[in-house]
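Have a look at start37.cif below; it lists mmCIF, C-alpha atoms.
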```
data_work
#
loop_
_atom_site.group_PDB
_atom_site.id
_atom_site.type_symbol
_atom_site.label_atom_id
_atom_site.label_comp_id
_atom_site.auth_asym_id
_atom_site.auth_seq_id
_atom_site.Cartn_x
_atom_site.Cartn_y
_atom_site.Cartn_z
ATOM 1 C CA MET O 1 58.626 35.350 7.024
ATOM 2 C CA ARG O 2 56.319 32.898 8.833
ATOM 3 C CA ARG O 3 57.919 30.361 11.122
ATOM 4 C CA ARG O 4 56.890 26.736 10.968
ATOM 5 C CA PRO O 5 55.581 25.262 14.218
ATOM 6 C CA GLY O 6 58.072 23.154 16.094
ATOM 7 C CA ILE O 7 57.693 19.506 17.116
ATOM 8 C CA GLY O 8 56.087 20.542 20.395
ATOM 9 C CA GLY O 9 53.490 22.637 18.583
ATOM 10 C CA LEU O 10 52.584 19.755 16.244
ATOM 11 C CA GLN O 11 52.209 17.389 19.189
ATOM 12 C CA ASN O 12 49.956 19.852 20.996
ATOM 13 C CA ALA O 13 47.792 20.259 17.882
ATOM 14 C CA ALA O 14 47.526 16.477 17.468
ATOM 15 C CA ALA O 15 46.601 16.088 21.143
ATOM 16 C CA ALA O 16 43.918 18.766 20.780
ATOM 17 C CA ARG O 17 42.462 17.007 17.742
ATOM 18 C CA ASP O 18 42.372 13.711 19.670
ATOM 19 C CA GLN O 19 40.569 15.421 22.540
ATOM 20 C CA TYR O 20 37.983 16.940 20.190
ATOM 21 C CA ARG O 21 37.478 13.569 18.501
ATOM 22 C CA LEU O 22 37.000 11.787 21.848
ATOM 23 C CA LEU O 23 34.631 14.518 22.974
ATOM 24 C CA GLY O 24 32.627 14.148 19.762
ATOM 25 C CA GLU O 25 32.471 10.362 20.161
ATOM 26 C CA ASN O 26 31.323 10.702 23.768
ATOM 27 C CA VAL O 27 28.598 13.187 22.814
ATOM 28 C CA ALA O 28 27.422 10.903 19.972
ATOM 29 C CA LYS O 29 27.350 7.910 22.354
ATOM 30 C CA LEU O 30 25.369 9.873 24.920
ATOM 31 C CA ARG O 31 22.861 10.876 22.257
ATOM 32 C CA THR O 32 22.582 7.309 20.996
ATOM 33 C CA ASP O 33 22.110 5.941 24.518
ATOM 34 C CA LEU O 34 19.497 8.618 25.216
ATOM 35 C CA MET O 35 17.622 7.773 22.019
ATOM 36 C CA LYS O 36 17.703 4.061 22.860
ATOM 37 C CA GLU O 37 16.399 4.824 26.340
ATOM 38 C CA GLN O 38 13.611 6.999 24.920
ATOM 39 C CA LEU O 39 12.644 4.320 22.377
ATOM 40 C CA ALA O 40 12.550 1.684 25.106
ATOM 41 C CA THR O 41 10.289 3.979 27.127
ATOM 42 C CA PHE O 42 8.032 4.607 24.116
ATOM 43 C CA ARG O 43 7.774 0.891 23.394
ATOM 44 C CA SER O 44 6.897 0.165 26.998
ATOM 45 C CA GLN O 45 4.226 2.869 26.886
ATOM 46 C CA LEU O 46 2.989 1.460 23.578
ATOM 47 C CA GLU O 47 2.570 -1.972 25.153
ATOM 48 C CA ASP O 48 0.662 -0.442 28.062
ATOM 49 C CA PHE O 49 -1.518 1.472 25.590
ATOM 50 C CA ALA O 50 -2.184 -1.731 23.614
ATOM 51 C CA ARG O 51 -3.199 -3.622 26.746
ATOM 52 C CA LYS O 52 -5.554 -0.836 27.779
ATOM 53 C CA HIS O 53 -7.188 -0.377 24.364
ATOM 54 C CA LYS O 54 -6.927 -3.856 22.846
ATOM 55 C CA ASN O 55 -10.686 -4.152 22.273
ATOM 56 C CA ASP O 56 -10.782 -0.844 20.393
ATOM 57 C CA ILE O 57 -7.746 -1.866 18.310
ATOM 58 C CA ARG O 58 -9.423 -5.132 17.354
ATOM 59 C CA LYS O 59 -12.886 -3.766 16.553
ATOM 60 C CA ASN O 60 -12.372 -0.167 15.334
ATOM 61 C CA PRO O 61 -10.616 0.155 11.928
ATOM 62 C CA ALA O 62 -9.813 3.878 12.389
ATOM 63 C CA PHE O 63 -8.374 3.274 15.851
ATOM 64 C CA ARG O 64 -6.396 0.316 14.475
ATOM 65 C CA SER O 65 -4.905 2.494 11.729
ATOM 66 C CA GLN O 66 -3.797 5.120 14.267
ATOM 67 C CA PHE O 67 -2.260 2.386 16.404
ATOM 68 C CA HIS O 68 -0.198 1.177 13.434
ATOM 69 C CA GLU O 69 1.054 4.730 12.866
ATOM 70 C CA MET O 70 2.156 4.918 16.512
ATOM 71 C CA CYS O 71 3.972 1.603 16.138
ATOM 72 C CA ALA O 72 5.775 2.751 12.993
ATOM 73 C CA LYS O 73 7.131 5.843 14.763
ATOM 74 C CA VAL O 74 8.976 3.704 17.311
ATOM 75 C CA GLY O 75 10.064 0.959 14.916
ATOM 76 C CA VAL O 76 7.579 -1.703 16.007
ATOM 77 C CA ASP O 77 5.875 -3.922 13.423
ATOM 78 C CA PRO O 78 2.977 -5.848 14.989
ATOM 79 C CA LEU O 79 2.577 -7.772 11.722
ATOM 80 C CA ALA O 80 6.170 -8.985 11.484
ATOM 81 C CA SER O 81 5.156 -12.330 12.950
ATOM 82 C CA ASN O 82 1.950 -14.028 13.951
ATOM 83 C CA LYS O 83 3.700 -15.229 17.095
ATOM 84 C CA GLY O 84 4.954 -13.377 20.116
ATOM 85 C CA PHE O 85 3.780 -10.495 22.277
ATOM 86 C CA TRP O 86 1.604 -8.592 19.790
ATOM 87 C CA ALA O 87 -0.130 -11.664 18.425
ATOM 88 C CA GLU O 88 -0.866 -12.952 21.916
ATOM 89 C CA LEU O 89 -2.050 -9.566 23.148
ATOM 90 C CA LEU O 90 -4.069 -8.364 20.168
ATOM 91 C CA GLY O 91 -4.360 -11.229 17.714
ATOM 92 C CA ILE O 92 -3.370 -8.699 15.015
ATOM 93 C CA GLY O 93 -1.099 -11.109 13.199
ATOM 94 C CA ASP O 94 -3.820 -13.734 12.837
ATOM 95 C CA PHE O 95 -6.323 -11.082 11.718
ATOM 96 C CA TYR O 96 -4.150 -9.893 8.822
ATOM 97 C CA TYR O 97 -3.093 -13.375 7.766
ATOM 98 C CA GLU O 98 -6.755 -14.385 7.596
ATOM 99 C CA LEU O 99 -7.508 -11.205 5.652
ATOM 100 C CA GLY O 100 -4.667 -11.975 3.227
ATOM 101 C CA VAL O 101 -6.075 -15.429 2.477
ATOM 102 C CA GLN O 102 -9.523 -13.950 1.802
ATOM 103 C CA ILE O 103 -8.036 -11.266 -0.475
ATOM 104 C CA VAL O 104 -6.221 -13.891 -2.530
ATOM 105 C CA ASP O 105 -9.412 -15.935 -2.843
ATOM 106 C CA ILE O 106 -11.482 -12.941 -3.975
ATOM 107 C CA CYS O 107 -8.867 -11.834 -6.504
ATOM 108 C CA LEU O 108 -8.741 -15.348 -7.972
ATOM 109 C CA SER O 109 -12.547 -15.635 -8.022
ATOM 110 C CA THR O 110 -12.984 -12.343 -9.885
ATOM 111 C CA ARG O 111 -9.995 -12.668 -12.234
ATOM 112 C CA ALA O 112 -12.056 -14.053 -15.127
ATOM 113 C CA HIS O 113 -14.215 -10.937 -14.917
ATOM 114 C CA ASN O 114 -11.643 -8.184 -14.357
ATOM 115 C CA GLY O 115 -8.415 -9.670 -15.713
ATOM 116 C CA GLY O 116 -6.691 -9.643 -12.337
ATOM 117 C CA LEU O 117 -7.094 -5.912 -11.691
ATOM 118 C CA ILE O 118 -9.652 -4.840 -9.102
ATOM 119 C CA SER O 119 -10.205 -1.510 -7.389
ATOM 120 C CA LEU O 120 -9.292 -1.372 -3.715
ATOM 121 C CA GLU O 121 -12.770 -0.009 -3.008
ATOM 122 C CA GLU O 122 -14.421 -2.977 -4.726
ATOM 123 C CA LEU O 123 -12.120 -5.438 -2.980
ATOM 124 C CA CYS O 124 -13.040 -4.007 0.425
ATOM 125 C CA LYS O 125 -16.722 -4.158 -0.490
ATOM 126 C CA LEU O 126 -16.472 -7.860 -1.400
ATOM 127 C CA LEU O 127 -14.478 -8.529 1.773
ATOM 128 C CA GLY O 128 -17.230 -6.874 3.801
ATOM 129 C CA GLN O 129 -19.827 -9.143 2.169
ATOM 130 C CA ARG O 130 -17.753 -12.203 2.954
ATOM 131 C CA ARG O 131 -17.043 -11.165 6.548
ATOM 132 C CA LYS O 132 -20.598 -10.228 7.573
ATOM 133 C CA GLY O 133 -20.421 -12.497 10.574
ATOM 134 C CA ALA O 134 -16.941 -11.378 11.666
ATOM 135 C CA ARG O 135 -16.485 -9.197 14.735
ATOM 136 C CA GLU O 136 -13.858 -6.932 13.175
ATOM 137 C CA ALA O 137 -14.814 -4.397 10.507
ATOM 138 C CA VAL O 138 -12.339 -4.037 7.641
ATOM 139 C CA SER O 139 -11.031 -0.750 6.257
ATOM 140 C CA GLU O 140 -9.001 0.064 3.139
ATOM 141 C CA ASP O 141 -6.003 0.561 5.418
ATOM 142 C CA ASP O 142 -6.434 -3.009 6.692
ATOM 143 C CA CYS O 143 -6.543 -4.306 3.103
ATOM 144 C CA LEU O 144 -3.375 -2.412 2.197
ATOM 145 C CA ARG O 145 -1.517 -3.829 5.205
ATOM 146 C CA ALA O 146 -2.651 -7.364 4.423
ATOM 147 C CA ILE O 147 -1.591 -6.993 0.769
ATOM 148 C CA SER O 148 1.819 -5.664 1.825
ATOM 149 C CA LYS O 149 2.341 -8.921 3.739
ATOM 150 C CA LEU O 150 1.400 -10.960 0.658
ATOM 151 C CA LYS O 151 4.410 -9.485 -1.165
ATOM 152 C CA VAL O 152 6.852 -11.506 0.945
ATOM 153 C CA LEU O 153 5.324 -14.649 -0.539
ATOM 154 C CA GLY O 154 6.348 -13.540 -4.020
ATOM 155 C CA SER O 155 2.709 -13.790 -5.022
ATOM 156 C CA GLY O 156 2.785 -10.823 -7.407
ATOM 157 C CA PHE O 157 0.117 -8.893 -5.503
ATOM 158 C CA GLU O 158 0.604 -5.158 -5.804
ATOM 159 C CA VAL O 159 -1.320 -1.921 -5.270
ATOM 160 C CA ILE O 160 -1.016 0.661 -8.049
ATOM 161 C CA SER O 161 -2.437 4.177 -8.284
ATOM 162 C CA VAL O 162 -4.290 5.178 -11.438
ATOM 163 C CA GLY O 163 -5.694 8.674 -11.238
ATOM 164 C CA LYS O 164 -7.759 8.917 -8.068
ATOM 165 C CA LYS O 165 -8.190 5.170 -7.676
ATOM 166 C CA LYS O 166 -6.036 2.498 -6.080
ATOM 167 C CA LEU O 167 -6.099 -0.807 -7.976
ATOM 168 C CA VAL O 168 -4.991 -4.193 -6.688
ATOM 169 C CA ARG O 169 -3.124 -6.238 -9.268
ATOM 170 C CA SER O 170 -2.934 -10.011 -8.816
ATOM 171 C CA VAL O 171 -1.333 -10.894 -12.163
ATOM 172 C CA PRO O 172 2.151 -9.974 -13.425
ATOM 173 C CA THR O 173 0.784 -7.707 -16.167
ATOM 174 C CA GLU O 174 2.995 -4.682 -16.745
ATOM 175 C CA LEU O 175 1.016 -1.536 -17.499
ATOM 176 C CA ASN O 176 2.794 1.281 -19.296
ATOM 177 C CA LYS O 177 1.974 4.999 -19.292
ATOM 178 C CA ASP O 178 -0.519 4.682 -22.172
ATOM 179 C CA HIS O 179 -2.442 1.934 -20.379
ATOM 180 C CA ASN O 180 -2.581 3.934 -17.138
ATOM 181 C CA GLU O 181 -3.864 7.013 -18.958
ATOM 182 C CA ILE O 182 -6.646 4.988 -20.586
ATOM 183 C CA LEU O 183 -7.628 3.466 -17.225
ATOM 184 C CA GLU O 184 -7.677 6.927 -15.667
ATOM 185 C CA LEU O 185 -9.862 8.226 -18.500
ATOM 186 C CA ALA O 186 -12.254 5.280 -18.057
ATOM 187 C CA GLN O 187 -12.901 6.206 -14.433
ATOM 188 C CA ALA O 188 -15.406 8.883 -15.484
ATOM 189 C CA GLN O 189 -17.911 6.525 -17.162
ATOM 190 C CA GLY O 190 -16.439 3.047 -16.792
ATOM 191 C CA PHE O 191 -15.627 2.855 -20.496
ATOM 192 C CA VAL O 192 -13.780 4.647 -23.321
ATOM 193 C CA THR O 193 -13.984 4.748 -27.110
ATOM 194 C CA VAL O 194 -11.135 5.021 -29.575
ATOM 195 C CA ASP O 195 -12.321 8.494 -30.598
ATOM 196 C CA GLU O 196 -12.409 9.647 -26.978
ATOM 197 C CA VAL O 197 -8.877 8.378 -26.297
ATOM 198 C CA GLN O 198 -7.580 10.094 -29.448
ATOM 199 C CA ARG O 199 -9.293 13.387 -28.605
ATOM 200 C CA ARG O 200 -8.331 13.548 -24.927
ATOM 201 C CA HIS O 201 -4.688 12.551 -25.383
ATOM 202 C CA SER O 202 -4.062 13.806 -28.940
ATOM 203 C CA TRP O 203 -2.948 10.334 -30.012
ATOM 204 C CA PRO O 204 -3.056 8.924 -33.540
ATOM 205 C CA SER O 205 -5.648 6.166 -33.984
ATOM 206 C CA GLY O 206 -2.954 3.486 -34.227
ATOM 207 C CA ARG O 207 -1.563 4.320 -30.776
ATOM 208 C CA ALA O 208 -5.014 4.333 -29.170
ATOM 209 C CA ILE O 209 -6.087 1.064 -30.813
ATOM 210 C CA ASP O 210 -2.794 -0.658 -29.958
ATOM 211 C CA ALA O 211 -3.055 0.251 -26.266
ATOM 212 C CA LEU O 212 -6.728 -0.758 -26.097
ATOM 213 C CA ASP O 213 -6.056 -4.071 -27.857
ATOM 214 C CA THR O 214 -3.312 -4.857 -25.337
ATOM 215 C CA LEU O 215 -5.673 -4.180 -22.436
ATOM 216 C CA LEU O 216 -8.281 -6.336 -24.169
ATOM 217 C CA ASP O 217 -5.804 -9.197 -24.682
ATOM 218 C CA GLU O 218 -4.815 -9.037 -21.007
ATOM 219 C CA GLY O 219 -8.454 -9.459 -19.991
ATOM 220 C CA LEU O 220 -8.685 -6.002 -18.436
ATOM 221 C CA ALA O 221 -11.255 -4.678 -20.920
ATOM 222 C CA MET O 222 -14.605 -5.868 -22.282
ATOM 223 C CA ILE O 223 -16.054 -4.913 -25.678
ATOM 224 C CA ASP O 224 -19.562 -3.518 -26.140
ATOM 225 C CA ASP O 225 -20.674 -3.183 -29.779
ATOM 226 C CA GLY O 226 -24.398 -2.816 -29.104
ATOM 227 C CA ASN O 227 -24.679 0.960 -29.017
ATOM 228 C CA LYS O 228 -26.941 3.058 -31.267
ATOM 229 C CA ASP O 229 -24.088 5.369 -32.280
ATOM 230 C CA GLY O 230 -22.201 2.369 -33.660
ATOM 231 C CA ARG O 231 -19.074 3.183 -31.651
ATOM 232 C CA ARG O 232 -17.298 0.334 -29.898
ATOM 233 C CA ARG O 233 -16.978 0.861 -26.195
ATOM 234 C CA TYR O 234 -14.205 -0.628 -24.091
ATOM 235 C CA TRP O 235 -15.496 -1.289 -20.575
ATOM 236 C CA PHE O 236 -13.086 -1.693 -17.650
ATOM 237 C CA PRO O 237 -14.575 -3.680 -14.751
ATOM 238 C CA CYS O 238 -11.703 -2.640 -12.469
ATOM 239 C CA VAL O 239 -12.828 1.011 -12.520
ATOM 240 C CA SER O 240 -16.538 0.798 -13.346
ATOM 241 C CA SER O 241 -19.666 0.038 -11.375
ATOM 242 C CA ILE O 242 -20.328 -3.069 -13.438
ATOM 243 C CA SER O 243 -17.717 -4.806 -11.271
ATOM 244 C CA SER O 244 -20.552 -5.253 -8.764
ATOM 245 C CA TYR O 245 -21.806 -8.110 -10.866
ATOM 246 C CA ALA O 246 -24.383 -10.604 -9.718
ATOM 247 C CA GLY O 247 -21.842 -13.316 -8.987
ATOM 248 C CA ALA O 248 -20.158 -11.191 -6.349
ATOM 249 C CA ASP O 249 -22.824 -12.089 -3.819
ATOM 250 C CA SER O 250 -21.763 -15.689 -3.979
ATOM 251 C CA LEU O 251 -18.083 -14.996 -3.184
#
```
Could the structure of this file be written out as structure tokens, please?
Amino acid sequence: MRRRPGIGGLQNAAAARDQYRLLGENVAKLRTDLMKEQLATFRSQLEDFARKHKNDIRKNPAFRSQFHEMCAKVGVDPLASNKGFWAELLGIGDFYYELGVQIVDICLSTRAHNGGLISLEELCKLLGQRRKGAREAVSEDDCLRAISKLKVLGSGFEVISVGKKKLVRSVPTELNKDHNEILELAQAQGFVTVDEVQRRHSWPSGRAIDALDTLLDEGLAMIDDGNKDGRRRYWFPCVSSISSYAGADSL
């Protein structure tokens, strides 16, 4: 028959548990303090690095992207405000705010042509044309960071992935799975036909026509009925080369 521990034994066990708990709390605090100290050291080193390489960060898009990755690892966001240390040291905040304004302007200027959906590649190309006289080159990474800052304004700007392309959406159009699959299919030639959509996705004609009509109504597609085979083609400026239209030079 097992004997129950006496009052003294229970007290000793409770005291041991308290000691283990205090020891655990002390270890956790030491680890937290050590991590804070390491982060403070990293941030200080990051500031020194930024001072030393500020010209490269401003002028070299690849170097700038790597710098942002370094910042993210230590919880620093140079774009959180256009005031303060990072803005004064690098002017990064002002650069991205200026870029954001230009992105909005280009998206609005091209909306009548592409329905408010433009490829990230095309957007960067138009930005490059507009910023020919600027000192800083612009990369796709820069565009993505500028667009991410536009979200806080509730402007509806969003980057979506369709197949291998990234598209920038500047209108609140909701694209469903059927629409995305048609846009992905159109990336090969810039256009699709009803027959092609039916064949590639094994859809009935009604489903294909309904999805294409929706994209047409939203201004994302353009109709071409002038082909010898008599088949209507649905062109998508957001994924085709025809988005480099003549008016782009005047943006």
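Coordinates place atom CA of Lys59 of chain O at a distance of 22.3 Å from atom CA of Lys73 of chain O.
Residues in contact with Gly100 of chain O at up to 10 Å, not including ones fewer than 2 positions away on its chain and judged by only C-alpha atoms, are Asp94, Phe95, Tyr96, Tyr97, Glu98, Gln102, Ile103, Val104, Asp105, Ile106, Asp142, Cys143, Leu144, Arg145, Ala146, Ile147, Ser148, Lys149 and Leu150 of chain O.
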Inset, instruction - Could you check how far atom CA of Gly115 of chain O sits from atom CA of Ala221 of chain O, in Å to one decimal? - result: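 Between these atoms lies a distance of 7.8 Å.
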Legend entry - Point-to-point distance in Å for atom CA of Val159 of chain O and atom CA of Phe236 of chain O: 17.1 Å
Legend entry - For Asn114 of chain O: contacts at 8 Å, all atoms listed in the file, fewer than 5 positions along chain excluded, given as a VMD selection string: chain O and resid 219 to 221 236 to 238 243
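Shortest separation to Leu167 of chain O among O:Lys52, O:Cys124, O:Phe191, O:Arg231 occurs at residue O:Cys124, atoms counted being all atoms listed in the file.
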Inset, instruction - Find the residues near segment 193-196 of chain O: any atom within 8 Å, counting all atoms listed in the file, skip ones fewer than 5 places away on the same chain, and give them as a PyMOL selection string. - result: chain O and resi 205+208-209+231-234
Legend entry - Which residue of O:Val197, O:Lys151, O:Leu183, O:Arg130 approaches Ile118 of chain O most closely, using only C-alpha atoms: O:Leu183
